[in-house]
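Have a look at the structure below before the remarks.
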Amino acid sequence: MNNFGDFGKVMQLMNAWNTFQQNHPKFPMFLKAVSSRGIKEDTIIEMAVTMPDGEKLETNLKITASDLALFEQFRNLQP
């Protein structure tokens, strides 16, 4: 395995994240506020996307115990 190549990919990702944060400074603050409170069962997550032509797509989901178990599995995958 080429660790130098992996390091290069990590650096690219970090640079992209830094650019994202500069372009959208409120979003990382929002994520931090949500994570500091923790997502619990019965939390409702709402999402809306407005397309360039003005069409708006919206949905929401109510977090279940199985969703929380899935999130925990993802957390455990991190090295």
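Identifiers in the structure tokens: chain A, B, ... in order shown; residue index from 1 per chain; ligand index from 1 in order shown.
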
Discussion item. With DSSP run on the backbone, what are the helix (DSSP H, G or I) residues within segment 12-73 of chain A? I'd like them as a ChimeraX atom specification.
Written reply: /A:12-23,26-37,65-73

Item to complete: Write out as a ChimeraX atom specification each polymer residue whose atoms come within 12 Å of Asn60 of chain A, counting only C-alpha atoms; drop sequence neighbours fewer than 3 positions from it.
Response: /A:42-49,57,63

Practice prompt. Mind checking which residues fall within 12 Å of segment 34-41 of chain A, counting only C-alpha atoms, ignoring those fewer than 5 positions away in the same chain, and posting them as JSON, numbers by chain?
Written response: {"A": [27, 28, 29, 61, 62, 63, 64, 65, 66, 67, 68, 69, 71, 72]}

Suppose we keep all heavy atoms; can you now write the selection as a short mmCIF file (atom, residue, chain, number, x, y, z; two decimals), in the first residue's frame?
```cif
data_model
loop_
_atom_site.label_atom_id
_atom_site.label_comp_id
_atom_site.auth_asym_id
_atom_site.auth_seq_id
_atom_site.Cartn_x
_atom_site.Cartn_y
_atom_site.Cartn_z
N PHE A 27 -22.61 26.50 7.72
CA PHE A 27 -22.93 25.08 7.74
C PHE A 27 -22.10 24.29 8.75
O PHE A 27 -22.66 23.52 9.54
CB PHE A 27 -22.82 24.48 6.33
CG PHE A 27 -23.35 23.09 6.24
CD1 PHE A 27 -24.71 22.83 6.35
CD2 PHE A 27 -22.50 22.02 6.05
CE1 PHE A 27 -25.20 21.54 6.28
CE2 PHE A 27 -22.98 20.72 5.97
CZ PHE A 27 -24.33 20.49 6.08
N PRO A 28 -20.77 24.44 8.79
CA PRO A 28 -20.01 23.72 9.82
C PRO A 28 -20.43 24.12 11.24
O PRO A 28 -20.45 23.27 12.14
CB PRO A 28 -18.55 24.12 9.54
CG PRO A 28 -18.54 24.46 8.09
CD PRO A 28 -19.88 25.11 7.82
N MET A 29 -20.79 25.39 11.44
CA MET A 29 -21.26 25.81 12.77
C MET A 29 -22.58 25.11 13.10
O MET A 29 -22.80 24.71 14.25
CB MET A 29 -21.43 27.33 12.81
CG MET A 29 -20.11 28.07 12.73
SD MET A 29 -20.19 29.87 12.94
CE MET A 29 -21.57 30.36 11.94
N LEU A 61 -37.46 13.19 8.02
CA LEU A 61 -37.44 11.85 8.58
C LEU A 61 -37.35 11.93 10.09
O LEU A 61 -36.74 12.84 10.63
CB LEU A 61 -36.30 11.00 7.99
CG LEU A 61 -34.88 11.54 8.15
CD1 LEU A 61 -34.13 10.74 9.17
CD2 LEU A 61 -34.19 11.47 6.81
N LYS A 62 -38.00 10.99 10.73
CA LYS A 62 -37.98 10.90 12.19
C LYS A 62 -37.01 9.79 12.55
O LYS A 62 -37.16 8.65 12.12
CB LYS A 62 -39.38 10.60 12.71
CG LYS A 62 -39.52 10.68 14.19
CD LYS A 62 -40.99 10.51 14.58
CE LYS A 62 -41.23 10.84 16.01
NZ LYS A 62 -42.65 10.75 16.35
N ILE A 63 -36.00 10.13 13.33
CA ILE A 63 -34.94 9.18 13.67
C ILE A 63 -35.49 8.07 14.57
O ILE A 63 -36.18 8.33 15.55
CB ILE A 63 -33.78 9.91 14.37
CG1 ILE A 63 -33.18 10.98 13.44
CG2 ILE A 63 -32.71 8.94 14.84
CD1 ILE A 63 -32.59 10.44 12.17
N THR A 64 -35.16 6.83 14.19
CA THR A 64 -35.59 5.65 14.94
C THR A 64 -34.39 5.04 15.67
O THR A 64 -33.24 5.40 15.42
CB THR A 64 -36.19 4.60 14.00
OG1 THR A 64 -35.15 4.13 13.13
CG2 THR A 64 -37.33 5.17 13.18
N ALA A 65 -34.67 4.08 16.51
CA ALA A 65 -33.60 3.37 17.22
C ALA A 65 -32.67 2.66 16.23
O ALA A 65 -31.45 2.64 16.41
CB ALA A 65 -34.19 2.38 18.21
N SER A 66 -33.24 2.10 15.16
CA SER A 66 -32.40 1.41 14.18
C SER A 66 -31.52 2.40 13.42
O SER A 66 -30.40 2.07 13.03
CB SER A 66 -33.25 0.58 13.21
OG SER A 66 -34.10 1.40 12.44
N ASP A 67 -32.00 3.64 13.21
CA ASP A 67 -31.17 4.67 12.58
C ASP A 67 -29.97 4.97 13.47
O ASP A 67 -28.83 5.08 12.99
CB ASP A 67 -31.96 5.96 12.37
CG ASP A 67 -33.12 5.80 11.43
OD1 ASP A 67 -33.05 4.96 10.51
OD2 ASP A 67 -34.12 6.53 11.60
N LEU A 68 -30.22 5.11 14.77
CA LEU A 68 -29.14 5.38 15.72
C LEU A 68 -28.12 4.24 15.73
O LEU A 68 -26.91 4.49 15.80
CB LEU A 68 -29.70 5.62 17.12
CG LEU A 68 -30.55 6.89 17.27
CD1 LEU A 68 -31.18 6.92 18.66
CD2 LEU A 68 -29.74 8.13 17.00
N ALA A 69 -28.60 3.00 15.62
CA ALA A 69 -27.69 1.85 15.57
C ALA A 69 -26.83 1.91 14.31
O ALA A 69 -25.63 1.63 14.36
CB ALA A 69 -28.48 0.55 15.63
N PHE A 71 -25.96 4.69 12.66
CA PHE A 71 -25.00 5.78 12.87
C PHE A 71 -23.83 5.30 13.73
O PHE A 71 -22.68 5.63 13.47
CB PHE A 71 -25.66 6.98 13.55
CG PHE A 71 -26.78 7.62 12.76
CD1 PHE A 71 -27.70 8.43 13.40
CD2 PHE A 71 -26.91 7.43 11.39
CE1 PHE A 71 -28.72 9.04 12.69
CE2 PHE A 71 -27.94 8.03 10.66
CZ PHE A 71 -28.85 8.84 11.32
N GLU A 72 -24.13 4.50 14.74
CA GLU A 72 -23.08 3.97 15.62
C GLU A 72 -22.15 3.04 14.85
O GLU A 72 -20.94 3.06 15.04
CB GLU A 72 -23.70 3.25 16.82
CG GLU A 72 -22.69 2.79 17.85
CD GLU A 72 -21.93 3.93 18.50
OE1 GLU A 72 -22.46 5.06 18.59
OE2 GLU A 72 -20.78 3.69 18.94
#
```

Fill in: One-decimal distance in Å that lies between atom CA of Glu55 of chain A and atom CA of Thr19 of chain A
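A separation of 27.2 Å between them.
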
Practice prompt. Using DSSP on the backbone, list every residue of chain A that comes out as strand (DSSP E), and give them as an NGL selection string.
Written response: :A and (44-50 or 56-62)

Using the selection just defined, write its residues with N, CA and C atoms as a short mmCIF file (atom, residue, chain, number, x, y, z; two decimals), in the first residue's frame.
```cif
data_model
loop_
_atom_site.label_atom_id
_atom_site.label_comp_id
_atom_site.auth_asym_id
_atom_site.auth_seq_id
_atom_site.Cartn_x
_atom_site.Cartn_y
_atom_site.Cartn_z
N ILE A 44 -36.42 14.92 14.48
CA ILE A 44 -36.88 15.06 13.09
C ILE A 44 -35.85 15.87 12.32
N ILE A 45 -35.41 15.32 11.20
CA ILE A 45 -34.48 16.01 10.31
C ILE A 45 -35.26 16.40 9.07
N GLU A 46 -35.23 17.69 8.75
CA GLU A 46 -35.92 18.20 7.57
C GLU A 46 -34.89 18.68 6.56
N MET A 47 -35.17 18.41 5.29
CA MET A 47 -34.26 18.81 4.21
C MET A 47 -35.06 19.45 3.09
N ALA A 48 -34.49 20.50 2.50
CA ALA A 48 -35.11 21.15 1.35
C ALA A 48 -34.01 21.48 0.35
N VAL A 49 -34.30 21.27 -0.91
CA VAL A 49 -33.38 21.61 -1.99
C VAL A 49 -34.16 22.46 -2.99
N THR A 50 -33.64 23.65 -3.29
CA THR A 50 -34.26 24.51 -4.29
C THR A 50 -33.38 24.47 -5.53
N LYS A 56 -38.72 23.26 -5.74
CA LYS A 56 -38.28 22.94 -4.39
C LYS A 56 -38.66 21.51 -4.04
N LEU A 57 -37.70 20.75 -3.58
CA LEU A 57 -37.91 19.38 -3.14
C LEU A 57 -37.69 19.35 -1.63
N GLU A 58 -38.64 18.76 -0.91
CA GLU A 58 -38.55 18.74 0.55
C GLU A 58 -38.90 17.35 1.08
N THR A 59 -38.29 17.01 2.20
CA THR A 59 -38.63 15.78 2.89
C THR A 59 -38.24 15.92 4.36
N ASN A 60 -38.65 14.96 5.16
CA ASN A 60 -38.20 14.90 6.54
C ASN A 60 -38.19 13.45 6.97
N LEU A 61 -37.46 13.19 8.02
CA LEU A 61 -37.44 11.85 8.58
C LEU A 61 -37.35 11.93 10.09
N LYS A 62 -38.00 10.99 10.73
CA LYS A 62 -37.98 10.90 12.19
C LYS A 62 -37.01 9.79 12.55
#
```
